[in-house]
$ cat structure14.txt   # compact mmCIF, C-alpha atoms and all ligand atoms
# COMPACT_ATOMS: atom_id res chain seq x y z
CA MET A 15 15.11 50.06 19.89
CA ALA A 16 17.44 51.04 22.74
CA ALA A 17 20.88 52.38 21.86
CA ALA A 18 23.70 49.83 22.07
CA GLY A 19 26.95 50.50 23.90
CA PRO A 20 27.78 53.42 26.18
CA PRO A 21 25.89 56.60 25.33
CA ASP A 22 27.49 59.57 23.58
CA LEU A 23 25.01 61.76 25.37
CA LEU A 24 23.12 61.61 28.65
CA VAL A 25 20.08 63.91 28.78
CA ALA A 26 18.66 64.69 32.24
CA GLY A 27 15.44 66.48 33.07
CA ASP A 28 11.80 66.59 32.05
CA ALA A 29 9.95 64.12 29.86
CA VAL A 30 6.20 64.60 29.91
CA PRO A 31 3.42 64.00 27.39
CA ASP A 32 2.42 67.01 25.32
CA ILE A 33 -1.24 67.37 24.44
CA ILE A 34 -1.67 69.89 21.65
CA VAL A 35 -5.13 71.23 20.81
CA GLY A 36 -6.18 73.97 18.47
CA ASP A 37 -6.77 76.26 16.90
CA VAL A 38 -8.52 78.52 19.38
CA ALA A 39 -9.12 81.93 17.84
CA GLY A 40 -10.53 83.88 20.78
CA GLU A 41 -10.40 83.49 24.53
CA ILE A 42 -10.88 80.01 25.99
CA ALA A 43 -14.47 79.75 27.20
CA PHE A 44 -14.99 78.68 30.82
CA GLY A 45 -18.35 78.00 32.51
CA GLN A 46 -18.20 74.36 31.42
CA ALA A 47 -18.56 75.38 27.80
CA GLU A 48 -17.27 72.80 25.34
CA THR A 49 -15.36 74.24 22.40
CA LEU A 50 -14.74 71.98 19.42
CA VAL A 51 -11.32 72.39 17.83
CA GLU A 52 -9.87 70.98 14.65
CA ARG A 53 -7.15 68.74 16.03
CA GLY A 54 -5.67 67.19 19.15
CA VAL A 55 -2.30 65.43 19.28
CA LEU A 56 -0.68 63.39 22.05
CA THR A 57 3.10 63.22 21.71
CA VAL A 58 6.50 63.34 23.41
CA GLY A 59 7.07 66.55 25.32
CA GLY A 60 9.39 68.10 27.87
CA SER A 61 12.41 70.06 26.74
CA SER A 62 14.78 67.26 27.75
CA GLY A 63 12.66 64.47 26.29
CA ILE A 64 12.38 66.22 22.92
CA MET A 65 16.11 66.99 22.90
CA ALA A 66 16.95 63.35 23.62
CA CYS A 67 14.74 62.17 20.72
CA GLY A 68 16.28 64.75 18.37
CA ALA A 69 19.80 63.63 19.21
CA ALA A 70 18.92 59.96 18.75
CA ARG A 71 17.30 60.80 15.40
CA LEU A 72 20.61 62.33 14.29
CA GLY A 73 22.34 59.05 15.13
CA LEU A 74 23.85 59.74 18.55
CA ARG A 75 23.67 57.04 21.22
CA VAL A 76 21.45 58.70 23.80
CA ALA A 77 20.40 57.83 27.35
CA PHE A 78 17.76 59.74 29.30
CA VAL A 79 17.32 60.11 33.05
CA GLY A 80 14.22 61.64 34.60
CA VAL A 81 11.36 60.77 36.92
CA VAL A 82 7.96 59.55 35.74
CA GLY A 83 4.98 58.25 37.67
CA ASP A 84 3.71 54.68 37.67
CA ASP A 85 0.80 55.67 35.43
CA ALA A 86 -0.32 55.65 31.80
CA ALA A 87 1.42 58.94 31.05
CA GLY A 88 4.70 57.64 32.47
CA ARG A 89 4.48 54.39 30.52
CA PHE A 90 3.66 56.39 27.38
CA MET A 91 6.82 58.47 27.81
CA LEU A 92 9.12 55.51 28.48
CA ASP A 93 7.67 53.59 25.50
CA GLU A 94 7.92 56.57 23.14
CA LEU A 95 11.50 57.43 24.13
CA THR A 96 12.51 53.77 23.76
CA ALA A 97 10.81 53.53 20.35
CA ARG A 98 12.90 56.54 19.27
CA GLY A 99 16.15 54.83 20.27
CA VAL A 100 16.66 56.50 23.65
CA ASP A 101 17.89 54.29 26.51
CA VAL A 102 15.59 54.91 29.49
CA SER A 103 17.07 52.29 31.80
CA GLY A 104 18.29 55.05 34.19
CA CYS A 105 14.79 56.57 34.56
CA VAL A 106 13.13 56.46 37.95
CA VAL A 107 9.47 55.46 38.31
CA ALA A 108 7.95 57.14 41.39
CA PRO A 109 5.21 54.93 42.85
CA GLY A 110 1.97 56.71 43.63
CA ARG A 111 3.05 59.92 41.87
CA ALA A 112 1.59 61.45 38.73
CA THR A 113 3.71 61.97 35.62
CA GLY A 114 3.90 65.59 34.48
CA LEU A 115 1.75 66.78 31.60
CA THR A 116 1.64 69.84 29.35
CA VAL A 117 -1.38 71.06 27.41
CA HIS A 118 -0.65 73.46 24.54
CA VAL A 119 -3.53 75.56 23.24
CA VAL A 120 -2.60 76.87 19.82
CA ARG A 121 -3.85 80.06 18.22
CA PRO A 122 -4.37 80.42 14.49
CA GLY A 123 -1.89 82.53 12.54
CA ALA A 124 1.40 82.05 10.78
CA GLU A 125 3.45 82.02 13.98
CA ARG A 126 1.38 79.44 15.83
CA ASP A 127 1.48 81.27 19.14
CA ARG A 128 0.32 79.10 22.03
CA ALA A 129 -0.53 79.01 25.71
CA MET A 130 1.05 76.21 27.74
CA LEU A 131 -0.41 74.69 30.90
CA THR A 132 2.09 72.45 32.69
CA ALA A 133 1.42 70.18 35.65
CA PRO A 134 5.02 69.26 36.56
CA GLY A 135 3.95 66.11 38.45
CA CYS A 136 7.00 64.17 39.64
CA VAL A 137 9.41 65.77 37.14
CA ALA A 138 10.65 67.87 40.07
CA GLU A 139 11.83 64.77 41.97
CA LEU A 140 14.96 64.33 39.86
CA THR A 141 18.11 64.53 42.02
CA ALA A 142 21.83 64.76 41.34
CA ALA A 143 22.26 61.26 42.81
CA MET A 144 19.90 59.84 40.16
CA VAL A 145 21.80 61.62 37.39
CA ARG A 146 25.18 60.50 38.81
CA SER A 147 24.15 56.89 38.80
CA ALA A 148 22.86 57.16 35.20
CA LEU A 149 26.02 58.97 34.11
CA ALA A 150 28.51 56.71 35.88
CA GLY A 151 31.41 58.30 33.99
CA ARG A 152 30.24 56.82 30.70
CA ALA A 153 28.76 59.50 28.45
CA ARG A 154 30.87 62.00 26.48
CA HIS A 155 28.39 64.81 27.04
CA ILE A 156 25.60 65.61 29.51
CA HIS A 157 22.69 67.93 28.68
CA VAL A 158 20.16 69.22 31.21
CA GLY A 159 16.86 70.82 30.17
CA SER A 160 14.25 72.81 32.13
CA PHE A 161 16.42 73.92 35.08
CA TYR A 162 13.46 75.70 36.72
CA LEU A 163 11.30 72.56 36.74
CA LEU A 164 14.03 70.71 38.67
CA PRO A 165 14.25 72.29 42.13
CA LYS A 166 16.03 69.30 43.69
CA LEU A 167 18.65 69.05 40.94
CA ALA A 168 19.21 72.79 40.33
CA PRO A 169 21.22 73.60 43.51
CA ASP A 170 23.52 70.61 42.83
CA LEU A 171 23.93 71.13 39.12
CA ALA A 172 27.19 73.09 39.39
CA ALA A 173 28.79 70.28 41.41
CA LEU A 174 27.39 67.60 39.10
CA PHE A 175 28.65 69.37 35.96
CA GLY A 176 32.01 69.99 37.65
CA GLU A 177 32.42 66.27 38.37
CA ALA A 178 31.35 65.36 34.83
CA ARG A 179 33.93 67.74 33.38
CA LYS A 180 36.67 66.26 35.56
CA ALA A 181 35.75 62.88 34.08
CA GLY A 182 36.22 64.33 30.57
CA CYS A 183 32.53 64.86 29.81
CA THR A 184 31.32 68.17 28.34
CA THR A 185 28.14 69.85 29.56
CA SER A 186 25.18 71.82 28.20
CA LEU A 187 22.14 73.53 29.65
CA ASP A 188 18.81 74.77 28.27
CA THR A 189 17.08 76.36 31.25
CA GLN A 190 13.81 77.20 29.47
CA GLY A 191 11.77 79.92 31.20
CA ASP A 192 12.13 80.93 34.82
CA TRP A 193 8.53 80.66 35.94
CA GLU A 194 9.12 82.95 38.90
CA GLY A 195 10.91 85.53 36.75
CA ARG A 196 13.98 85.84 38.98
CA TRP A 197 16.69 83.98 37.05
CA ARG A 198 18.58 82.99 40.15
CA GLY A 199 18.38 79.68 42.02
CA GLY A 200 22.03 78.76 41.54
CA LEU A 201 22.00 79.42 37.81
CA GLY A 202 25.20 81.50 37.99
CA ASP A 203 27.09 78.62 39.64
CA ALA A 204 25.68 76.13 37.15
CA LEU A 205 26.66 78.31 34.18
CA ARG A 206 30.28 78.43 35.38
CA ALA A 207 30.40 74.66 34.93
CA THR A 208 28.49 74.69 31.62
CA ASP A 209 30.24 74.43 28.25
CA LEU A 210 27.25 75.19 26.01
CA TYR A 211 24.34 77.36 27.11
CA PHE A 212 21.18 77.36 24.92
CA PRO A 213 18.78 80.19 25.87
CA ASN A 214 16.30 81.75 23.49
CA ARG A 215 16.65 85.47 23.03
CA ASP A 216 14.21 86.47 25.77
CA GLU A 217 15.82 84.08 28.24
CA ALA A 218 19.28 85.38 27.27
CA LEU A 219 18.22 88.98 27.90
CA ALA A 220 16.74 88.13 31.27
CA VAL A 221 19.81 86.20 32.42
CA ALA A 222 22.22 88.88 31.18
CA ALA A 223 20.27 91.52 33.12
CA SER A 224 19.97 89.39 36.26
CA LEU A 225 23.40 87.73 36.44
CA GLY A 226 25.55 89.79 34.11
CA GLY A 227 24.58 93.05 35.76
CA ARG A 228 24.06 94.63 32.37
CA GLY A 229 22.60 93.98 28.97
CA PRO A 230 19.39 95.22 27.43
CA ALA A 231 16.25 95.31 29.56
CA ALA A 232 15.29 92.13 31.36
CA GLY A 233 12.78 89.91 29.59
CA SER A 234 9.86 88.42 31.40
CA GLY A 235 11.05 84.85 31.13
CA ARG A 236 8.16 84.20 28.81
CA ASN A 237 9.13 81.55 26.30
CA ASP A 238 8.21 83.45 23.18
CA ALA A 239 8.04 80.76 20.57
CA ALA A 240 6.47 83.17 18.13
CA GLY A 241 9.74 85.04 18.24
CA ASP A 242 9.16 87.09 15.13
CA ASP A 243 10.11 90.42 16.63
CA ARG A 244 13.19 89.21 18.45
CA ASN A 245 15.91 90.65 16.26
CA ASP A 246 13.93 93.80 15.61
CA VAL A 247 14.71 94.80 19.18
CA LEU A 248 18.43 94.01 19.16
CA GLY A 249 20.90 95.56 16.76
CA ASP A 250 24.27 93.99 15.97
CA GLY A 251 26.02 95.85 18.77
CA ASP A 252 23.39 94.83 21.32
CA LEU A 253 23.64 91.20 20.24
CA GLU A 254 27.41 91.21 20.57
CA ARG A 255 27.20 92.78 24.04
CA LEU A 256 24.56 90.24 25.05
CA LEU A 257 26.67 87.29 23.88
CA LYS A 258 29.79 88.64 25.56
CA THR A 259 27.94 89.30 28.82
CA LEU A 260 26.73 85.69 28.83
CA ALA A 261 30.14 84.32 27.81
CA ALA A 262 31.66 86.15 30.80
CA LEU A 263 29.42 83.98 33.01
CA GLY A 264 31.32 80.90 31.81
CA PRO A 265 29.74 79.02 28.91
CA LEU A 266 29.61 79.48 25.15
CA PRO A 267 26.19 81.14 24.73
CA VAL A 268 24.18 79.94 21.74
CA VAL A 269 21.13 82.18 21.48
CA LYS A 270 18.04 81.02 19.60
CA CYS A 271 16.07 83.70 17.77
CA GLY A 272 13.00 81.88 16.41
CA ALA A 273 12.36 82.51 12.71
CA GLN A 274 15.53 84.63 12.60
CA GLY A 275 17.76 81.63 13.31
CA ALA A 276 20.44 81.83 15.99
CA VAL A 277 23.67 83.56 17.02
CA THR A 278 26.79 82.64 18.95
CA LEU A 279 30.45 83.58 19.27
CA GLU A 280 33.34 81.97 17.43
CA ARG A 281 36.75 83.09 18.72
CA GLY A 282 35.11 86.22 20.13
CA THR A 283 33.31 87.15 16.91
CA VAL A 284 29.55 86.99 16.40
CA VAL A 285 28.43 84.24 14.03
CA ARG A 286 24.87 83.81 12.83
CA ALA A 287 22.86 81.14 11.13
CA ALA A 288 19.60 81.97 9.40
CA ALA A 289 16.73 79.52 9.75
CA PRO A 290 17.17 77.57 6.50
CA ALA A 291 14.85 78.25 3.60
CA ALA A 292 12.03 75.80 4.00
CA ALA A 293 11.01 75.55 0.36
CA PRO A 294 13.36 72.77 -0.86
CA VAL A 295 12.50 70.61 2.13
CA ALA A 296 8.81 71.24 2.60
CA PRO A 297 6.88 73.25 0.06
CA ALA A 298 4.02 73.79 2.51
CA ALA A 299 4.12 77.06 4.41
CA LEU A 300 6.26 76.77 7.53
CA PRO A 301 6.14 76.67 10.43
CA ILE A 302 3.29 74.33 11.25
CA ASP A 303 4.17 74.12 14.91
CA THR A 304 7.20 75.48 16.76
CA ILE A 305 6.77 73.32 19.89
CA GLY A 306 10.18 71.94 20.84
CA ALA A 307 12.03 73.69 18.00
CA GLY A 308 14.56 74.97 20.52
CA ASP A 309 15.11 71.48 21.90
CA SER A 310 15.65 70.00 18.43
CA PHE A 311 18.06 72.89 17.86
CA ASP A 312 19.98 71.91 21.02
CA ALA A 313 20.27 68.34 19.71
CA GLY A 314 21.76 69.57 16.45
CA PHE A 315 24.31 71.78 18.16
CA VAL A 316 25.39 69.02 20.55
CA TYR A 317 25.73 66.67 17.56
CA GLY A 318 28.21 69.08 15.91
CA HIS A 319 30.02 69.65 19.20
CA LEU A 320 30.52 65.91 19.64
CA GLN A 321 31.90 65.65 16.11
CA GLY A 322 34.43 68.39 16.98
CA TRP A 323 32.98 70.74 14.34
CA PRO A 324 33.69 74.49 14.28
CA VAL A 325 31.02 76.47 16.10
CA GLY A 326 29.58 78.00 12.89
CA ARG A 327 28.98 74.58 11.36
CA SER A 328 27.28 73.31 14.52
CA LEU A 329 25.11 76.44 14.54
CA ALA A 330 23.98 75.83 10.95
CA LEU A 331 23.07 72.21 11.69
CA ALA A 332 21.24 73.29 14.85
CA THR A 333 19.08 75.86 13.05
CA ALA A 334 18.28 73.27 10.36
CA CYS A 335 17.19 70.83 13.08
CA GLY A 336 15.06 73.52 14.76
CA THR A 337 13.37 74.67 11.60
CA LEU A 338 12.75 71.20 10.16
CA SER A 339 11.12 70.16 13.43
CA THR A 340 8.40 72.77 12.82
CA ARG A 341 6.97 70.78 9.88
CA ALA A 342 4.60 68.71 12.02
CA ALA A 343 2.59 69.08 15.21
CA GLY A 344 4.60 68.49 18.39
CA GLY A 345 8.32 68.38 19.06
CA VAL A 346 9.42 65.02 17.69
CA ALA A 347 7.32 64.00 14.66
CA ALA A 348 9.34 66.01 12.12
CA GLN A 349 12.80 65.90 13.70
CA PRO A 350 15.26 65.34 10.84
CA GLY A 351 17.70 62.52 10.38
CA LEU A 352 21.32 63.47 9.82
CA GLU A 353 21.27 63.46 6.01
CA GLU A 354 18.23 65.67 5.83
CA ALA A 355 19.60 68.09 8.42
CA LEU A 356 22.95 68.28 6.62
CA ALA A 357 21.23 68.96 3.30
CA ALA A 358 19.19 71.77 4.83
CA SER A 359 22.20 73.33 6.54
CA ALA A 360 24.52 73.24 3.53
N1 LIG A 401 8.86 80.47 13.20
C1 LIG A 401 9.94 79.76 12.83
N2 LIG A 401 10.28 79.61 11.53
C2 LIG A 401 11.38 78.92 11.16
N3 LIG A 401 12.23 78.36 12.04
C3 LIG A 401 11.94 78.48 13.35
C4 LIG A 401 10.79 79.18 13.83
N4 LIG A 401 10.78 79.13 15.18
C5 LIG A 401 11.88 78.42 15.54
N5 LIG A 401 12.59 78.05 14.45
C6 LIG A 401 13.86 77.30 14.42
O1 LIG A 401 14.07 76.68 15.67
C7 LIG A 401 15.22 77.25 16.33
C8 LIG A 401 14.97 77.42 17.80
O2 LIG A 401 13.72 78.07 18.00
P1 LIG A 401 13.38 79.11 19.13
O3 LIG A 401 14.18 80.33 18.95
O4 LIG A 401 11.90 79.22 19.09
O5 LIG A 401 13.90 78.37 20.45
P2 LIG A 401 13.15 78.20 21.87
O6 LIG A 401 12.42 79.44 22.21
O7 LIG A 401 14.18 77.67 22.80
O8 LIG A 401 12.11 77.05 21.51
P3 LIG A 401 11.26 76.11 22.50
O9 LIG A 401 9.86 76.60 22.34
O10 LIG A 401 11.47 74.74 21.97
O11 LIG A 401 11.80 76.31 23.90
C9 LIG A 401 15.49 78.56 15.61
O12 LIG A 401 16.86 78.89 15.70
C10 LIG A 401 15.04 78.24 14.19
O13 LIG A 401 16.05 77.50 13.51
MG MG A 402 13.58 76.81 24.64
$ encode --input "structure14.txt" --output "structure tokens"
Amino acid sequence: MAAAGPPDLLVAGDAVPDIIVGDVAGEIAFGQAETLVERGVLTVGGSSGIMACGAARLGLRVAFVGVVGDDAAGRFMLDELTARGVDVSGCVVAPGRATGLTVHVVRPGAERDRAMLTAPGCVAELTAAMVRSALAGRARHIHVGSFYLLPKLAPDLAALFGEARKAGCTTSLDTQGDWEGRWRGGLGDALRATDLYFPNRDEALAVAASLGGRGPAAGSGRNDAAGDDRNDVLGDGDLERLLKTLAALGPLPVVKCGAQGAVTLERGTVVRAAAPAAAPVAPAALPIDTIGAGDSFDAGFVYGHLQGWPVGRSLALATACGTLSTRAAGGVAAQPGLEEALAASA
């Protein structure tokens, strides 16, 4: 059912089907070899699409703007977002173009590492004009996901966020990986107009090295969902320097650290939230699947922000949302409702 009334949150960016297949223990066999795997799942994907569903699941009124093709994949995305309470009336259907698609090939093992193959399709056609007309001064907050999949929007994002802020709307950005590994493309300008910035640890390191002129060694831009070794590399001092380097670029940095939870700054001091203990919520071993955990995390943090919560409380809710989302295959199937997320973050 579509959300009633003006949205609390407008999410702009990528919404593409995710096809998840696995497990594949060794290398993928080419030469037209058919490999049978245990499971295949078709579900809502795209960083922005998953974030929008997570926010709606928490009870926010959410609208989404993005570009899909006039094809089965596009109709699937619009239907699924609508069924999850996201208003898609601002979405643009591009005639004759293919909707984007991501295939995730999952490896066995506790951390569910995966390879991702993305055909961006018409995701890249999203423009600032499309977002402006969907925003129309109505939402309280705008979130953009997958900056590097949006080459037409990216150069205009700073101006768009600036206008939104003037209209009293707050802004957030989850770039995801920079597929060309350069971390430029107007990101510095966009960050100056961003209130909340949601990189994972590898993305944060790469941006700090590229735009902050300092920080620990640049990451590859690889989106390391496995994430288990992230905090092993950074000590407390390094983390604080990293956060302060990013904060100097403009936004409040909220850095996601996989199984280790997340860190941010509250009045200049580092605050952390551990990924909540899974046992009371789901006795089965977690995680089942970390796809979209970072996007569900973003939804939780934006929820707290819109309630006017202190940063530490928003961080705890966000990590609960991220971790609980790992209980089922894909990004949206296990996203928690508000009560469940609050219970896990208490
Ligand atoms: N292996 C895990 N075990 C428990 N919780 C996890 C795990 N991986 C992620 N999470 C939860 O999800 C949150 C965000 O995850 P992560 O750091 O992987 O973000 P990300 O890299 O942006 O994810 P995405 O793949 O969606 O882009 C973490 O802060 C944590 O709460
Ligand atoms: Mg991410």
$ closest_atom_pairs --input "structure14.txt" --of "range 110-134 of chain A" --to "range 300-309 of chain A" --cutoff "10 Å" --atoms "only C-alpha atoms" --output "Markdown table"
| residue | atom | partner | partner_atom | distance |
| --- | --- | --- | --- | --- |
| A:His118 | CA | A:Ile305 | CA | 8.8 |
| A:Val120 | CA | A:Asp303 | CA | 8.8 |
| A:Gly123 | CA | A:Ile302 | CA | 9.8 |
| A:Ala124 | CA | A:Pro301 | CA | 7.2 |
| A:Glu125 | CA | A:Pro301 | CA | 7.0 |
| A:Arg126 | CA | A:Asp303 | CA | 6.1 |
| A:Asp127 | CA | A:Thr304 | CA | 8.5 |
| A:Arg128 | CA | A:Ile305 | CA | 8.9 |
$ closest_residue --input "structure14.txt" --among "A:Pro122, A:Gly104, A:Gly59, A:Gly318" --to "ligand LIG 401 (chain A)" --atoms "all atoms listed in the file"
A:Gly59
$ residues_around --input "structure14.txt" --residues "range 87-99 of chain A" --least-positions-apart "6" --cutoff "9 Å" --atoms "only C-alpha atoms" --output "PyMOL selection string"
chain A and resi 15-17+29-31+57-59+63-64+66-68+70-71+75-78+81+105+107+112-115
$ closest_residue --input "structure14.txt" --among "A:Gly60, A:Ala223, A:Gly314, A:Gly73" --to "ligand MG 402 (chain A)" --atoms "only C-alpha atoms and all ligand atoms"
A:Gly60
$ residues_near_ligand --input "structure14.txt" --ligand "ligand MG 402 (chain A)" --cutoff "10 Å" --atoms "all atoms listed in the file" --output "MDAnalysis selection string"
chainID A and resid 61 159:160 188:191 212:217 237:239 269:270 272 305:312
$ axis_aligned_box --input "structure14.txt" --around "ligand LIG 401 (chain A)" --padding-each-side "8 Å" --output "JSON"
{"center_x": 12.9, "center_y": 77.6, "center_z": 17.5, "size_x": 24.0, "size_y": 21.7, "size_z": 28.7}
$ residues_around --input "structure14.txt" --residues "Thr49 in chain A" --least-positions-apart "2" --cutoff "12 Å" --atoms "all atoms listed in the file" --output "VMD selection string"
chain A and resid 35 to 47 51 to 53 119
$ decode --input "structure14.txt" --residues "range 102-127 of chain A" --atoms "N, CA and C atoms" --output "CSV table (one decimal), in the first residue's frame"
chain,number,residue,atom,x,y,z
A,102,VAL,N,5.9,5.1,-5.4
A,102,VAL,CA,6.8,5.2,-6.5
A,102,VAL,C,6.3,6.1,-7.6
A,103,SER,N,5.3,6.9,-7.3
A,103,SER,CA,4.7,7.8,-8.3
A,103,SER,C,5.6,8.7,-9.0
A,104,GLY,N,6.8,9.0,-8.4
A,104,GLY,CA,7.8,9.9,-9.0
A,104,GLY,C,8.8,9.2,-9.9
A,105,CYS,N,8.7,7.8,-9.9
A,105,CYS,CA,9.6,7.0,-10.7
A,105,CYS,C,9.4,7.3,-12.2
A,106,VAL,N,10.5,7.2,-13.0
A,106,VAL,CA,10.4,7.4,-14.4
A,106,VAL,C,10.6,6.0,-15.1
A,107,VAL,N,9.7,5.7,-16.0
A,107,VAL,CA,9.8,4.5,-16.8
A,107,VAL,C,10.4,4.9,-18.2
A,108,ALA,N,11.6,4.4,-18.5
A,108,ALA,CA,12.3,4.7,-19.8
A,108,ALA,C,11.9,3.7,-20.8
A,109,PRO,N,11.1,4.2,-21.9
A,109,PRO,CA,10.7,3.3,-22.9
A,109,PRO,C,11.9,2.7,-23.7
A,110,GLY,N,11.8,1.4,-24.0
A,110,GLY,CA,12.9,0.8,-24.8
A,110,GLY,C,14.2,0.6,-24.1
A,111,ARG,N,14.2,0.9,-22.8
A,111,ARG,CA,15.5,0.7,-22.0
A,111,ARG,C,15.3,-0.5,-21.1
A,112,ALA,N,16.4,-1.2,-20.8
A,112,ALA,CA,16.4,-2.3,-19.8
A,112,ALA,C,16.6,-1.8,-18.4
A,113,THR,N,15.8,-2.4,-17.5
A,113,THR,CA,16.0,-2.1,-16.1
A,113,THR,C,17.4,-2.7,-15.7
A,114,GLY,N,18.0,-2.1,-14.7
A,114,GLY,CA,19.3,-2.7,-14.2
A,114,GLY,C,19.0,-4.0,-13.5
A,115,LEU,N,20.1,-4.8,-13.2
A,115,LEU,CA,20.0,-6.1,-12.6
A,115,LEU,C,21.3,-6.4,-12.0
A,116,THR,N,21.2,-7.0,-10.8
A,116,THR,CA,22.4,-7.5,-10.1
A,116,THR,C,22.3,-9.0,-9.8
A,117,VAL,N,23.4,-9.7,-10.2
A,117,VAL,CA,23.4,-11.2,-9.8
A,117,VAL,C,24.5,-11.3,-8.7
A,118,HIS,N,24.1,-11.9,-7.6
A,118,HIS,CA,25.1,-12.1,-6.5
A,118,HIS,C,25.4,-13.6,-6.5
A,119,VAL,N,26.6,-14.0,-6.5
A,119,VAL,CA,27.1,-15.4,-6.4
A,119,VAL,C,27.7,-15.5,-5.0
A,120,VAL,N,27.1,-16.3,-4.2
A,120,VAL,CA,27.5,-16.4,-2.8
A,120,VAL,C,28.4,-17.6,-2.6
A,121,ARG,N,29.4,-17.4,-1.8
A,121,ARG,CA,30.3,-18.5,-1.4
A,121,ARG,C,29.9,-19.1,-0.1
A,122,PRO,N,30.2,-20.3,0.2
A,122,PRO,CA,29.9,-20.9,1.5
A,122,PRO,C,30.8,-20.2,2.5
A,123,GLY,N,30.5,-20.4,3.8
A,123,GLY,CA,31.3,-19.9,4.9
A,123,GLY,C,30.5,-18.9,5.7
A,124,ALA,N,30.9,-18.7,6.9
A,124,ALA,CA,30.2,-17.9,7.9
A,124,ALA,C,29.9,-16.5,7.4
A,125,GLU,N,30.8,-15.9,6.7
A,125,GLU,CA,30.7,-14.5,6.3
A,125,GLU,C,30.0,-14.3,5.0
A,126,ARG,N,29.6,-15.3,4.3
A,126,ARG,CA,28.8,-15.2,3.1
A,126,ARG,C,29.4,-14.2,2.1
A,127,ASP,N,30.6,-14.4,1.9
A,127,ASP,CA,31.3,-13.5,0.9
A,127,ASP,C,30.6,-13.7,-0.5
